[in-house]
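Contents: one structure, followed by commentary.
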Amino acid sequence: MRRILSVLMENESGAMSRVVGLFSARGYNIDSLSVAPTEDATLSRMTIVTHASSDVIEQITKQLNKLVEVVKVVDLSESRYVERELMLVKVRALGKDRDELLRLTEIYRGQVIDVNEKSYTIEVTGTTGKLDSFLENIAKGTILETVRTGAAGIGRGERILRI
């Protein structure tokens, strides 16, 4: 099952490496990872997307909480949350394909952020599923390059990840 963990941790050198090392040492795979400072400059929030059972997530959470730098761990998947991911995709855009790519980009509420005579670079933001769907709908052989940020998530409503 796909799970999104939000980890509040001290913003210091080596902290991210220790969290990733914990996953690696136990043979757990990370599908995506994003980390950045929070509103408090001494803390960072790491968002980890992984596939695991509830038992494995419980073990991961216990192990993460043992790390000195980790302040709090929340499995966002346990309740309502909002998730977004950013994707930049460079596509071959020649002839009649140019108009079709513009139409598809508009349908997915994306933006063309770079244009030349042979390609478009398109930005799409949304859930992982939306981005996957966009890629599936582009003609095979059209995609030249893709870059994705990985998911970032936050609890809905009054739910706050604090110390």
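Simple scheme: letters A, B, ... for chains in structure tokens order, numbers from 1 for residues in each chain, numbers from 1 for ligands in the order shown.
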(Q) Using only C-alpha atoms, which protein or nucleic acid residues come within 12 Å of A:Asp40? Drop anything in the same chain fewer than 3 positions from it, and give the result as a list in words. (A)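 Using only C-alpha atoms, the neighbours found are Leu8, Met9, Glu10, Asn11, Ala36, Pro37, Leu43, Ser44, Arg45, Arg162 and Ile163 of chain A.
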Those selected residues, please, written with N, CA and C atoms and delivered as an mmCIF file, in the first residue's frame.
```
data_model
loop_
_atom_site.group_PDB
_atom_site.id
_atom_site.type_symbol
_atom_site.label_atom_id
_atom_site.label_comp_id
_atom_site.auth_asym_id
_atom_site.auth_seq_id
_atom_site.Cartn_x
_atom_site.Cartn_y
_atom_site.Cartn_z
ATOM 1 N N LEU A 8 9.119 15.566 10.737
ATOM 2 C CA LEU A 8 9.627 16.847 11.208
ATOM 3 C C LEU A 8 10.955 16.557 11.883
ATOM 4 N N MET A 9 12.005 17.242 11.432
ATOM 5 C CA MET A 9 13.340 16.933 11.945
ATOM 6 C C MET A 9 14.180 18.193 12.075
ATOM 7 N N GLU A 10 15.233 18.082 12.854
ATOM 8 C CA GLU A 10 16.141 19.212 13.027
ATOM 9 C C GLU A 10 16.822 19.517 11.702
ATOM 10 N N ASN A 11 16.944 20.791 11.392
ATOM 11 C CA ASN A 11 17.558 21.237 10.145
ATOM 12 C C ASN A 11 19.066 21.337 10.360
ATOM 13 N N ALA A 36 12.663 20.192 2.914
ATOM 14 C CA ALA A 36 12.928 21.633 2.879
ATOM 15 C C ALA A 36 12.697 22.205 4.271
ATOM 16 N N PRO A 37 13.315 23.355 4.561
ATOM 17 C CA PRO A 37 13.079 24.002 5.856
ATOM 18 C C PRO A 37 11.600 24.367 6.019
ATOM 19 N N LEU A 43 14.007 23.744 11.842
ATOM 20 C CA LEU A 43 13.376 22.466 11.518
ATOM 21 C C LEU A 43 13.186 22.303 10.014
ATOM 22 N N SER A 44 13.228 21.062 9.568
ATOM 23 C CA SER A 44 12.919 20.719 8.181
ATOM 24 C C SER A 44 11.791 19.701 8.181
ATOM 25 N N ARG A 45 11.040 19.683 7.092
ATOM 26 C CA ARG A 45 10.004 18.665 6.920
ATOM 27 C C ARG A 45 10.416 17.790 5.749
ATOM 28 N N ARG A 162 3.398 19.487 14.575
ATOM 29 C CA ARG A 162 4.196 20.365 15.420
ATOM 30 C C ARG A 162 4.907 19.561 16.478
ATOM 31 N N ILE A 163 5.843 20.249 17.122
ATOM 32 C CA ILE A 163 6.611 19.626 18.211
ATOM 33 C C ILE A 163 5.694 19.332 19.378
#
```
Sort by chain and increasing residue number a table of all residues of stretch 32-71 of chain A within 12 Å of stretch 126-150 of chain A, each with its closest pair of atoms and their distance in Å to one decimal, counting only C-alpha atoms, and write it as CSV.
```
residue,atom,partner,partner_atom,distance
A:Ser32,CA,A:Gly150,CA,4.9
A:Leu33,CA,A:Gly150,CA,6.1
A:Ser34,CA,A:Gly150,CA,6.5
A:Val35,CA,A:Gly150,CA,10.2
A:Met46,CA,A:Gly150,CA,11.2
A:Thr47,CA,A:Gly150,CA,8.7
A:Ile48,CA,A:Gly150,CA,8.6
A:Val49,CA,A:Gly150,CA,7.9
A:Thr50,CA,A:Gly150,CA,11.0
```
**Q.** strand (DSSP E or B) positions in stretch 41-97 of chain A, given as a ChimeraX atom specification
**A.** /A:43-51,70-75,81-92
Any chance you can output those residues with N, CA and C atoms as an mmCIF file, in the first residue's frame?
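In the end it all went to result.cif:
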```cif
data_model
loop_
_atom_site.group_PDB
_atom_site.id
_atom_site.type_symbol
_atom_site.label_atom_id
_atom_site.label_comp_id
_atom_site.auth_asym_id
_atom_site.auth_seq_id
_atom_site.Cartn_x
_atom_site.Cartn_y
_atom_site.Cartn_z
ATOM 1 N N LEU A 43 14.007 23.744 11.842
ATOM 2 C CA LEU A 43 13.376 22.466 11.518
ATOM 3 C C LEU A 43 13.186 22.303 10.014
ATOM 4 N N SER A 44 13.228 21.062 9.568
ATOM 5 C CA SER A 44 12.919 20.719 8.181
ATOM 6 C C SER A 44 11.791 19.701 8.181
ATOM 7 N N ARG A 45 11.040 19.683 7.092
ATOM 8 C CA ARG A 45 10.004 18.665 6.920
ATOM 9 C C ARG A 45 10.416 17.790 5.749
ATOM 10 N N MET A 46 10.452 16.500 6.002
ATOM 11 C CA MET A 46 10.781 15.524 4.975
ATOM 12 C C MET A 46 9.507 14.757 4.652
ATOM 13 N N THR A 47 9.187 14.654 3.366
ATOM 14 C CA THR A 47 8.041 13.864 2.927
ATOM 15 C C THR A 47 8.582 12.647 2.201
ATOM 16 N N ILE A 48 8.214 11.477 2.720
ATOM 17 C CA ILE A 48 8.702 10.214 2.169
ATOM 18 C C ILE A 48 7.508 9.423 1.641
ATOM 19 N N VAL A 49 7.581 9.004 0.389
ATOM 20 C CA VAL A 49 6.551 8.138 -0.186
ATOM 21 C C VAL A 49 7.167 6.753 -0.328
ATOM 22 N N THR A 50 6.455 5.760 0.195
ATOM 23 C CA THR A 50 6.928 4.385 0.135
ATOM 24 C C THR A 50 5.734 3.450 -0.017
ATOM 25 N N HIS A 51 5.983 2.225 -0.360
ATOM 26 C CA HIS A 51 4.940 1.199 -0.410
ATOM 27 C C HIS A 51 5.248 0.181 0.677
ATOM 28 N N VAL A 70 15.100 13.449 14.714
ATOM 29 C CA VAL A 70 13.680 13.381 14.362
ATOM 30 C C VAL A 70 12.834 13.887 15.518
ATOM 31 N N VAL A 71 11.990 14.876 15.222
ATOM 32 C CA VAL A 71 11.124 15.479 16.227
ATOM 33 C C VAL A 71 9.768 14.784 16.257
ATOM 34 N N LYS A 72 9.206 14.493 15.066
ATOM 35 C CA LYS A 72 7.886 13.863 14.998
ATOM 36 C C LYS A 72 7.707 13.189 13.647
ATOM 37 N N VAL A 73 6.983 12.069 13.631
ATOM 38 C CA VAL A 73 6.674 11.339 12.409
ATOM 39 C C VAL A 73 5.161 11.133 12.342
ATOM 40 N N VAL A 74 4.572 11.449 11.192
ATOM 41 C CA VAL A 74 3.138 11.256 10.993
ATOM 42 C C VAL A 74 2.926 10.531 9.676
ATOM 43 N N ASP A 75 2.087 9.490 9.706
ATOM 44 C CA ASP A 75 1.677 8.803 8.487
ATOM 45 C C ASP A 75 0.451 9.552 7.963
ATOM 46 N N TYR A 81 -5.634 14.101 3.752
ATOM 47 C CA TYR A 81 -4.472 14.930 3.456
ATOM 48 C C TYR A 81 -4.546 15.452 2.032
ATOM 49 N N VAL A 82 -3.737 16.454 1.755
ATOM 50 C CA VAL A 82 -3.611 17.018 0.414
ATOM 51 C C VAL A 82 -2.214 16.681 -0.077
ATOM 52 N N GLU A 83 -2.129 16.279 -1.324
ATOM 53 C CA GLU A 83 -0.843 15.885 -1.911
ATOM 54 C C GLU A 83 -0.670 16.585 -3.246
ATOM 55 N N ARG A 84 0.546 17.020 -3.528
ATOM 56 C CA ARG A 84 0.874 17.608 -4.819
ATOM 57 C C ARG A 84 2.278 17.201 -5.230
ATOM 58 N N GLU A 85 2.460 17.126 -6.534
ATOM 59 C CA GLU A 85 3.759 16.822 -7.118
ATOM 60 C C GLU A 85 3.922 17.716 -8.339
ATOM 61 N N LEU A 86 5.142 18.116 -8.624
ATOM 62 C CA LEU A 86 5.443 18.935 -9.788
ATOM 63 C C LEU A 86 6.214 18.089 -10.796
ATOM 64 N N MET A 87 5.838 18.226 -12.071
ATOM 65 C CA MET A 87 6.540 17.508 -13.129
ATOM 66 C C MET A 87 6.863 18.489 -14.261
ATOM 67 N N LEU A 88 8.077 18.400 -14.758
ATOM 68 C CA LEU A 88 8.480 19.086 -15.984
ATOM 69 C C LEU A 88 8.718 17.994 -17.019
ATOM 70 N N VAL A 89 8.102 18.132 -18.173
ATOM 71 C CA VAL A 89 8.268 17.127 -19.219
ATOM 72 C C VAL A 89 8.567 17.821 -20.537
ATOM 73 N N LYS A 90 9.655 17.416 -21.161
ATOM 74 C CA LYS A 90 10.036 17.951 -22.470
ATOM 75 C C LYS A 90 9.521 16.971 -23.517
ATOM 76 N N VAL A 91 8.751 17.506 -24.473
ATOM 77 C CA VAL A 91 8.137 16.654 -25.490
ATOM 78 C C VAL A 91 8.496 17.135 -26.890
ATOM 79 N N ARG A 92 8.586 16.186 -27.807
ATOM 80 C CA ARG A 92 8.796 16.514 -29.217
ATOM 81 C C ARG A 92 7.485 17.115 -29.726
#
```
Q: Would you return as a ChimeraX atom specification the members of chain A that DSSP assigns to alpha helix (DSSP H) on this structure's backbone?
A: /A:15-25,54-66,97-107,128-137
Based on the selection just made, write C-alpha atoms of those residues as a PDB file, in the first residue's frame.
```
ATOM      1  CA  ALA A  15      20.050  14.438   9.401  1.00  0.00           C
ATOM      2  CA  MET A  16      18.556  13.554   6.013  1.00  0.00           C
ATOM      3  CA  SER A  17      21.346  11.064   5.383  1.00  0.00           C
ATOM      4  CA  ARG A  18      20.590   9.233   8.639  1.00  0.00           C
ATOM      5  CA  VAL A  19      16.878   8.946   7.783  1.00  0.00           C
ATOM      6  CA  VAL A  20      17.609   7.622   4.297  1.00  0.00           C
ATOM      7  CA  GLY A  21      20.244   5.283   5.754  1.00  0.00           C
ATOM      8  CA  LEU A  22      17.645   3.834   8.100  1.00  0.00           C
ATOM      9  CA  PHE A  23      15.448   2.895   5.131  1.00  0.00           C
ATOM     10  CA  SER A  24      18.388   1.463   3.216  1.00  0.00           C
ATOM     11  CA  ALA A  25      19.745  -0.576   6.141  1.00  0.00           C
ATOM     12  CA  SER A  54       0.745  -1.134   8.156  1.00  0.00           C
ATOM     13  CA  ASP A  55       3.105  -3.356  10.173  1.00  0.00           C
ATOM     14  CA  VAL A  56       6.148  -2.190   8.209  1.00  0.00           C
ATOM     15  CA  ILE A  57       5.082   1.471   8.499  1.00  0.00           C
ATOM     16  CA  GLU A  58       4.729   0.999  12.254  1.00  0.00           C
ATOM     17  CA  GLN A  59       8.292  -0.396  12.405  1.00  0.00           C
ATOM     18  CA  ILE A  60       9.643   2.421  10.227  1.00  0.00           C
ATOM     19  CA  THR A  61       7.931   5.006  12.439  1.00  0.00           C
ATOM     20  CA  LYS A  62       9.391   3.456  15.600  1.00  0.00           C
ATOM     21  CA  GLN A  63      12.871   3.395  14.078  1.00  0.00           C
ATOM     22  CA  LEU A  64      12.599   6.992  12.839  1.00  0.00           C
ATOM     23  CA  ASN A  65      11.488   8.178  16.286  1.00  0.00           C
ATOM     24  CA  LYS A  66      14.680   6.680  17.763  1.00  0.00           C
ATOM     25  CA  ASP A  97       1.304  17.239 -32.710  1.00  0.00           C
ATOM     26  CA  ARG A  98       1.937  20.803 -31.488  1.00  0.00           C
ATOM     27  CA  ASP A  99      -1.763  21.661 -31.289  1.00  0.00           C
ATOM     28  CA  GLU A 100      -2.660  18.305 -29.734  1.00  0.00           C
ATOM     29  CA  LEU A 101       0.001  18.745 -27.034  1.00  0.00           C
ATOM     30  CA  LEU A 102      -1.290  22.245 -26.256  1.00  0.00           C
ATOM     31  CA  ARG A 103      -4.847  20.882 -25.951  1.00  0.00           C
ATOM     32  CA  LEU A 104      -3.736  18.047 -23.681  1.00  0.00           C
ATOM     33  CA  THR A 105      -1.711  20.468 -21.550  1.00  0.00           C
ATOM     34  CA  GLU A 106      -4.770  22.680 -21.159  1.00  0.00           C
ATOM     35  CA  ILE A 107      -6.980  19.708 -20.181  1.00  0.00           C
ATOM     36  CA  THR A 128       0.886  11.506  -8.595  1.00  0.00           C
ATOM     37  CA  GLY A 129      -2.042   9.843 -10.378  1.00  0.00           C
ATOM     38  CA  LYS A 130      -2.786  12.976 -12.411  1.00  0.00           C
ATOM     39  CA  LEU A 131       0.838  13.244 -13.539  1.00  0.00           C
ATOM     40  CA  ASP A 132       0.946   9.548 -14.451  1.00  0.00           C
ATOM     41  CA  SER A 133      -2.266   9.990 -16.456  1.00  0.00           C
ATOM     42  CA  PHE A 134      -0.810  12.960 -18.338  1.00  0.00           C
ATOM     43  CA  LEU A 135       2.214  10.896 -19.344  1.00  0.00           C
ATOM     44  CA  GLU A 136      -0.004   7.973 -20.434  1.00  0.00           C
ATOM     45  CA  ASN A 137      -1.990  10.283 -22.722  1.00  0.00           C
TER      46      ASN A 137
END
```
Q.
Quick check, in Å to one decimal: how far apart do atom CA of A:Ala52 and atom CA of A:Asn29 lie?
A. 8.9 Å
Q: Record the distance separating atom CA of A:Leu94 and atom CA of A:Val124, expressed in Å with one decimal.
A: 20.4 Å
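Pairwise distance (atom CA of A:Arg156, atom CA of A:Thr38) equals 17.3 Å.
Counting only C-alpha atoms and comparing A:Val115, A:Ile122, A:Ile30, A:Val7, the residue that lies closest to A:Glu69 is A:Val7.
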